Amino acid sequence: MSTPQVQREIARFVSRTPGSRALQQEAARYLPGGSSRTTAYFEPYPIFVDRGEGHYVYDVDGNRYLDFMLNATSLILGHAHPAIVGALQEQASRGTAFSAPTEAQIRLARLLCERLPSLDTVRFTNSGTEATLMALRAARAFTRKPKIAKFEGGYHGSHEYVSVSVRPPAARLDPAGPTALPEYPGQPPGVIAEVLVLPYNDLPRCARLLRQHREELACVLVEPVASAFGYLPARREFLVGLRELTAELGLLLIFDEVQSVRLAPGGAQEVLGVVPDLTCLGKTIGGGMPVGAFGGRAEVMALFDPTRGAPLAHAGTFNANPMTMVAGEATLRCLTPEVYARLGALGESLRQQLRALFARLQVPAQVTGIGSFFGIHFTAEAIVDYRSVLRGDRTLAQGLFVGLINEGILLQSSCAGALCTLTTAAEVEALVAAVERVMRRLRSP
Ligand SMILES: Cc1ncc(COP(=O)(O)O)c(C=O)c1O
C-alpha cells in the first residue's frame, strides 16, 4: 500500500535517474528483473553505479550519494581506500589465484585468531553463506546430530537449512510462537523438519524448546546483533543464558558475526562478553572482496584438518585467494581499537540525534543499533524480535528510503545502515537533516 507522498518521491527518483532506468531495461533482457542480487533491487529500479570514492557513490546519471549502505556494511573504510587499492594492485600483478596456499592467508588468519576470542583456528570461504553452511556442517559432524536451531527472522545467507522462517509474512505466523516455515514452495519437508525455530530475546521459551529437542540438536545459530532487526543487539542476559544452556545440553553455540565483526577488534563477542564455540565471519574482513570465514574451538575445527585425515571436506576454487586475503589484511590493519571506539561514539550520537528528531516531529519511531550500526523502524513499540519489526510501517520506511536517495543519501531499503571510518560529525548531521526534510515531505499533503 503506497501513499501519494511516497509516489511523489518515486516520481522524483525516476526523473533524476533516466540512465539507471535505461540500464535496468537493458539488464532485464539478460537477468530476471535485471537483477542478480535480491537485496540490491528496490522499486521502481535500483540506481546503477558508475563508481565509488571514499564515502560517496556516483550513479550513471552523475548523481552523488553519501553512502551508508556500504555494500551491506562491508566497506568499513569506504570505497577505493588507497591501502586496499595498493594491496590489490600489487597482488594482481603477481597473480590472483593459485591452487596452492600463500603467505597472505596466514597473515589474515593470524589477525582474526588474535582478535576474536572464540577463534583457535579459522578457514576461509568466499561468502558469509558458505561460512554458515560449513559451520552448521561442522556442528553436525562434531555432535553427530542432524537438527539445527535458528531464530525467527534470522538471515544467515541463502543455503537450504538457514532458508527457514527468514521472512515469513505476518499472516503465516503462529500466534503461539515461532514455527519452522518454508521460504519457497517445494522446499523439501525434510529440511524444514531439521530446523527448530526460536524466538529472539526470549530465553524461557528458548530453554523449553532446546531442552525438548536436545537429543536431535547439534547447535544454535544466532546473530549476537540481529542485522535484519535493524542491528538490534541481543539482550546480554539472553546471550549469556544461551551460552549456559547450550553448554549444559551439549550443543554448539554458533555466532553469525558476518556483520557484527565490524563492532570491535573481537566483534560482538568481545563487546557483549559471550564466547561461542564457532563463529562465522564475512563482509568487512575481506576489504571489499568476496569473503567469508568460519572458525572456533580447535577440536571442532580439527574435523577439517587434512593432516589428520579430514573427515570433513571443504573445497572451494577461490577459498583464501590472495586478492581477498591482502584486501582483508589491509583493512584490519587500519582498524585499531581507537578507530572502533570513534565509530561507536559517532554511531551513538547518530542514534540519539535521530531519536530526538522523531520525538520533535512526533513520529512514532524506534532507532536501533549498536556501535557503527543503525536502524529506523516506524512503530511506537520497542523492537525486541522479528514480530515487533514486522509490525512497523513499511510504507513510511519505503518513503524515507526513496526520499533519502532523492536527497543524495543511500541506506539499506529497510532504513538501516552503517558508518565507515570516513564518517565525521558532518556526515551524521547531513543524514539527520536529510531525514528531517524527507519526513516533512512525507507528512505534507
Ligand atoms: C548475518 C549474515 N549472515 C550471513 C550473510 C551471508 O553473507 P554473504 O552475502 O556474503 O553470502 C549475511 C549477508 O548479508 C548476513 O548479513
# chains A, B, ... in the order shown; residues from 1 in each chain; ligands from 1

call {"tool": "residues_near_ligand", "arguments": {"ligand": "ligand 1", "cutoff": "6 Å", "atoms": "only C-alpha atoms and all ligand atoms", "output": "VMD selection string"}}
result
chain A and resid 127 to 129 155 to 157 227 256 258 to 259 282

call {"tool": "select_by_dssp", "arguments": {"residues": "stretch 271-413 of chain A", "states": "strand (DSSP E)", "output": "JSON, numbers by chain"}}
result
{"A": [278, 279, 280, 281, 282, 292, 293, 294, 295, 296, 366, 367, 368, 373, 374, 375, 376, 377, 409, 410]}

call {"tool": "write_last_selection", "arguments": {"atoms": "C-alpha atoms", "output": "PDB file, in the first residue's frame"}}
result
ATOM      1  CA  LEU A 278      32.091 -21.396  16.458  1.00  0.00           C
ATOM      2  CA  THR A 279      31.956 -18.023  14.705  1.00  0.00           C
ATOM      3  CA  CYS A 280      31.007 -17.139  11.137  1.00  0.00           C
ATOM      4  CA  LEU A 281      32.595 -14.074   9.582  1.00  0.00           C
ATOM      5  CA  GLY A 282      32.363 -12.122   6.337  1.00  0.00           C
ATOM      6  CA  GLY A 292      33.587 -15.455   4.411  1.00  0.00           C
ATOM      7  CA  ALA A 293      35.244 -17.399   7.207  1.00  0.00           C
ATOM      8  CA  PHE A 294      34.312 -19.778   9.966  1.00  0.00           C
ATOM      9  CA  GLY A 295      36.327 -20.853  12.944  1.00  0.00           C
ATOM     10  CA  GLY A 296      36.345 -21.604  16.620  1.00  0.00           C
ATOM     11  CA  GLN A 366      12.392   3.319  17.117  1.00  0.00           C
ATOM     12  CA  VAL A 367      16.083   3.744  16.377  1.00  0.00           C
ATOM     13  CA  THR A 368      18.008   0.523  16.916  1.00  0.00           C
ATOM     14  CA  PHE A 373      25.190   0.303  13.034  1.00  0.00           C
ATOM     15  CA  PHE A 374      21.779   1.966  12.971  1.00  0.00           C
ATOM     16  CA  GLY A 375      18.225   1.015  12.021  1.00  0.00           C
ATOM     17  CA  ILE A 376      14.998   3.019  11.823  1.00  0.00           C
ATOM     18  CA  HIS A 377      11.554   1.457  12.446  1.00  0.00           C
ATOM     19  CA  ILE A 409      21.885   9.580   0.671  1.00  0.00           C
ATOM     20  CA  LEU A 410      21.955   5.763   0.468  1.00  0.00           C
TER      21      LEU A 410
END

call {"tool": "residues_around", "arguments": {"residues": "A:Leu217", "least_positions_apart": "3", "cutoff": "8 Å", "atoms": "only C-alpha atoms", "output": "list of chain:residue names"}}
result
A:Lys145, A:Pro146, A:Lys147, A:Ile148, A:Ala149, A:Leu210, A:His213, A:Arg214, A:Leu251

call {"tool": "write_last_selection", "arguments": {"atoms": "N, CA, C and O atoms", "output": "compact mmCIF listing (two decimals), in the first residue's frame"}}
result
# COMPACT_ATOMS: atom_id res chain seq x y z
N LYS A 145 24.71 -35.15 15.32
CA LYS A 145 23.25 -34.96 15.40
C LYS A 145 22.80 -34.03 14.25
O LYS A 145 23.55 -33.15 13.83
N PRO A 146 21.58 -34.24 13.73
CA PRO A 146 21.20 -33.57 12.49
C PRO A 146 20.53 -32.21 12.62
O PRO A 146 20.57 -31.40 11.69
N LYS A 147 19.88 -31.94 13.73
CA LYS A 147 18.97 -30.79 13.78
C LYS A 147 19.73 -29.51 14.14
O LYS A 147 20.66 -29.54 14.94
N ILE A 148 19.28 -28.40 13.58
CA ILE A 148 19.88 -27.12 13.95
C ILE A 148 18.78 -26.19 14.47
O ILE A 148 17.62 -26.33 14.10
N ALA A 149 19.17 -25.25 15.31
CA ALA A 149 18.22 -24.23 15.78
C ALA A 149 18.65 -22.87 15.27
O ALA A 149 19.85 -22.55 15.28
N LEU A 210 14.76 -25.91 23.50
CA LEU A 210 16.07 -26.57 23.37
C LEU A 210 16.11 -27.84 24.22
O LEU A 210 16.65 -28.87 23.79
N HIS A 213 14.24 -30.64 22.46
CA HIS A 213 14.83 -31.21 21.25
C HIS A 213 16.31 -31.57 21.40
O HIS A 213 16.99 -31.80 20.42
N ARG A 214 16.80 -31.58 22.62
CA ARG A 214 18.25 -31.72 22.84
C ARG A 214 18.85 -32.96 22.21
O ARG A 214 20.00 -32.96 21.78
N LEU A 251 25.19 -28.75 23.13
CA LEU A 251 25.01 -28.21 21.78
C LEU A 251 26.09 -27.18 21.52
O LEU A 251 26.56 -26.51 22.45

call {"tool": "residues_around", "arguments": {"residues": "A:Gly286", "least_positions_apart": "6", "cutoff": "8 Å", "atoms": "only C-alpha atoms", "output": "list in words"}}
result
Gly292, Thr324, Met325, Ala327, Gly328, Glu329 and Thr331 of chain A

call {"tool": "write_last_selection", "arguments": {"atoms": "all heavy atoms", "output": "mmCIF file, in the first residue's frame"}}
result
data_model
loop_
_atom_site.group_PDB
_atom_site.id
_atom_site.type_symbol
_atom_site.label_atom_id
_atom_site.label_comp_id
_atom_site.auth_asym_id
_atom_site.auth_seq_id
_atom_site.Cartn_x
_atom_site.Cartn_y
_atom_site.Cartn_z
ATOM 1 N N GLY A 292 34.254 -14.893 3.257
ATOM 2 C CA GLY A 292 33.587 -15.455 4.411
ATOM 3 C C GLY A 292 34.643 -16.228 5.175
ATOM 4 O O GLY A 292 35.743 -16.476 4.650
ATOM 5 N N THR A 324 41.613 -11.507 -1.940
ATOM 6 C CA THR A 324 40.776 -11.285 -0.760
ATOM 7 C C THR A 324 41.635 -11.180 0.497
ATOM 8 O O THR A 324 41.401 -10.319 1.355
ATOM 9 C CB THR A 324 39.763 -12.443 -0.617
ATOM 10 O OG1 THR A 324 38.907 -12.438 -1.756
ATOM 11 C CG2 THR A 324 38.922 -12.299 0.630
ATOM 12 N N MET A 325 42.625 -12.030 0.592
ATOM 13 C CA MET A 325 43.456 -12.050 1.806
ATOM 14 C C MET A 325 44.192 -10.716 2.009
ATOM 15 O O MET A 325 44.200 -10.171 3.104
ATOM 16 C CB MET A 325 44.482 -13.203 1.740
ATOM 17 C CG MET A 325 43.870 -14.593 1.693
ATOM 18 S SD MET A 325 42.900 -15.042 3.145
ATOM 19 C CE MET A 325 41.232 -14.871 2.523
ATOM 20 N N ALA A 327 43.413 -7.760 0.741
ATOM 21 C CA ALA A 327 42.457 -6.667 0.983
ATOM 22 C C ALA A 327 41.952 -6.725 2.419
ATOM 23 O O ALA A 327 41.806 -5.695 3.096
ATOM 24 C CB ALA A 327 41.287 -6.763 0.003
ATOM 25 N N GLY A 328 41.709 -7.936 2.903
ATOM 26 C CA GLY A 328 41.256 -8.096 4.285
ATOM 27 C C GLY A 328 42.324 -7.667 5.277
ATOM 28 O O GLY A 328 42.046 -6.960 6.251
ATOM 29 N N GLU A 329 43.548 -8.056 4.983
ATOM 30 C CA GLU A 329 44.647 -7.687 5.890
ATOM 31 C C GLU A 329 44.819 -6.167 5.933
ATOM 32 O O GLU A 329 44.959 -5.582 7.015
ATOM 33 C CB GLU A 329 45.943 -8.363 5.423
ATOM 34 C CG GLU A 329 47.117 -8.050 6.323
ATOM 35 C CD GLU A 329 48.461 -8.479 5.741
ATOM 36 O OE1 GLU A 329 48.485 -9.072 4.635
ATOM 37 O OE2 GLU A 329 49.474 -8.183 6.394
ATOM 38 N N THR A 331 42.658 -3.941 5.464
ATOM 39 C CA THR A 331 41.539 -3.369 6.210
ATOM 40 C C THR A 331 41.749 -3.513 7.711
ATOM 41 O O THR A 331 41.676 -2.535 8.464
ATOM 42 C CB THR A 331 40.221 -4.064 5.809
ATOM 43 O OG1 THR A 331 40.048 -3.904 4.414
ATOM 44 C CG2 THR A 331 39.024 -3.474 6.539
#

call {"tool": "atom_distance", "arguments": {"atom1": "atom CA of A:Ala397", "atom2": "atom CA of A:Val6"}}
result
9.6 Å

call {"tool": "select_by_dssp", "arguments": {"residues": "stretch 41-176 of chain A", "states": "alpha helix (DSSP H)", "output": "PyMOL selection string"}}
result
chain A and resi 70-73+82-92+103-115+128-143

call {"tool": "residues_around", "arguments": {"residues": "A:Ala228", "least_positions_apart": "5", "cutoff": "12 Å", "atoms": "only C-alpha atoms", "output": "PyMOL selection string"}}
result
chain A and resi 39+72+151-157+166-167+200+222-223+233+259-260+368-369+373-377+383-390+412-417

call {"tool": "atom_distance", "arguments": {"atom1": "atom CA of A:Ile106", "atom2": "atom CA of A:Asn321"}}
result
11.5 Å

call {"tool": "residues_around", "arguments": {"residues": "A:Ala365", "least_positions_apart": "6", "cutoff": "9 Å", "atoms": "only C-alpha atoms", "output": "ChimeraX atom specification"}}
result
/A:355,358-359,376-381,392

call {"tool": "closest_atom_pairs", "arguments": {"of": "stretch 116-193 of chain A", "to": "stretch 306-313 of chain A", "cutoff": "10 Å", "atoms": "only C-alpha atoms", "output": "Markdown table"}}
result
| residue | atom | partner | partner_atom | distance |
| --- | --- | --- | --- | --- |
| A:Met134 | CA | A:Leu312 | CA | 9.4 |
| A:Arg137 | CA | A:Leu312 | CA | 8.5 |
| A:Ala138 | CA | A:Leu312 | CA | 7.7 |
| A:Ala141 | CA | A:Leu312 | CA | 8.0 |

call {"tool": "closest_residue", "arguments": {"among": "A:Ala171, A:Ala264, A:Val435, A:Met289", "to": "A:Arg342", "atoms": "only C-alpha atoms"}}
result
A:Ala264

call {"tool": "residues_around", "arguments": {"residues": "stretch 30-35 of chain A", "least_positions_apart": "4", "cutoff": "12 Å", "atoms": "only C-alpha atoms", "output": "count of residues only"}}
result
17

call {"tool": "closest_residue", "arguments": {"among": "A:Ala356, A:Leu173, A:Ile370, A:Ala234", "to": "A:Ala341", "atoms": "only C-alpha atoms"}}
result
A:Ile370

call {"tool": "closest_residue", "arguments": {"among": "A:Gly371, A:Val428, A:Leu404, A:Ser36", "to": "A:Ala345", "atoms": "only C-alpha atoms"}}
result
A:Gly371

call {"tool": "closest_residue", "arguments": {"among": "A:Cys206, A:Ala218, A:Ala176, A:Leu181", "to": "A:Val164", "atoms": "only C-alpha atoms"}}
result
A:Leu181

call {"tool": "closest_residue", "arguments": {"among": "A:Glu103, A:Glu407, A:Glu436, A:Glu429", "to": "A:Arg360", "atoms": "only C-alpha atoms"}}
result
A:Glu436

call {"tool": "decode", "arguments": {"residues": "stretch 67-83 of chain A", "atoms": "N, CA, C and O atoms", "output": "compact mmCIF listing (two decimals), in the first residue's frame"}}
result
# COMPACT_ATOMS: atom_id res chain seq x y z
N ASP A 67 27.13 7.46 1.14
CA ASP A 67 26.80 6.04 1.21
C ASP A 67 26.86 5.50 2.64
O ASP A 67 27.94 5.39 3.23
N PHE A 68 25.69 5.17 3.20
CA PHE A 68 25.62 4.47 4.48
C PHE A 68 25.20 3.01 4.28
O PHE A 68 24.90 2.31 5.23
N MET A 69 25.12 2.61 3.01
CA MET A 69 24.79 1.22 2.67
C MET A 69 26.11 0.43 2.64
O MET A 69 26.18 -0.67 3.15
N LEU A 70 27.13 1.03 2.01
CA LEU A 70 28.49 0.49 2.07
C LEU A 70 28.57 -1.00 1.73
O LEU A 70 29.20 -1.78 2.45
N ASN A 71 27.92 -1.36 0.63
CA ASN A 71 27.80 -2.76 0.22
C ASN A 71 27.45 -3.64 1.43
O ASN A 71 28.23 -4.49 1.86
N ALA A 72 26.25 -3.39 1.95
CA ALA A 72 25.73 -4.17 3.09
C ALA A 72 26.69 -4.13 4.28
O ALA A 72 26.94 -5.17 4.91
N THR A 73 27.20 -2.95 4.56
CA THR A 73 28.09 -2.63 5.70
C THR A 73 29.51 -3.17 5.56
O THR A 73 30.32 -3.03 6.47
N SER A 74 29.83 -3.79 4.41
CA SER A 74 31.14 -4.44 4.32
C SER A 74 32.30 -3.45 4.14
O SER A 74 33.43 -3.75 4.52
N LEU A 75 32.02 -2.26 3.57
CA LEU A 75 33.13 -1.35 3.24
C LEU A 75 33.41 -0.40 4.39
O LEU A 75 33.16 0.80 4.33
N ILE A 76 34.00 -0.93 5.43
CA ILE A 76 34.19 -0.12 6.65
C ILE A 76 35.22 1.00 6.44
O ILE A 76 35.22 1.97 7.19
N LEU A 77 36.06 0.89 5.41
CA LEU A 77 36.99 2.01 5.12
C LEU A 77 36.46 2.90 3.99
O LEU A 77 37.20 3.75 3.50
N GLY A 78 35.23 2.70 3.57
CA GLY A 78 34.69 3.45 2.43
C GLY A 78 35.13 2.81 1.12
O GLY A 78 35.69 1.71 1.10
N HIS A 79 34.88 3.53 0.02
CA HIS A 79 35.17 2.99 -1.31
C HIS A 79 36.60 3.31 -1.74
O HIS A 79 37.08 4.43 -1.52
N ALA A 80 37.21 2.36 -2.40
CA ALA A 80 38.52 2.55 -3.05
C ALA A 80 39.54 3.16 -2.10
O ALA A 80 40.26 4.10 -2.44
N HIS A 81 39.62 2.61 -0.90
CA HIS A 81 40.62 3.11 0.07
C HIS A 81 42.03 2.85 -0.48
O HIS A 81 42.31 1.75 -0.97
N PRO A 82 42.91 3.87 -0.41
CA PRO A 82 44.24 3.70 -1.03
C PRO A 82 45.00 2.48 -0.53
O PRO A 82 45.69 1.82 -1.33
N ALA A 83 44.87 2.14 0.74
CA ALA A 83 45.62 0.98 1.25
C ALA A 83 45.14 -0.31 0.59
O ALA A 83 45.94 -1.20 0.29
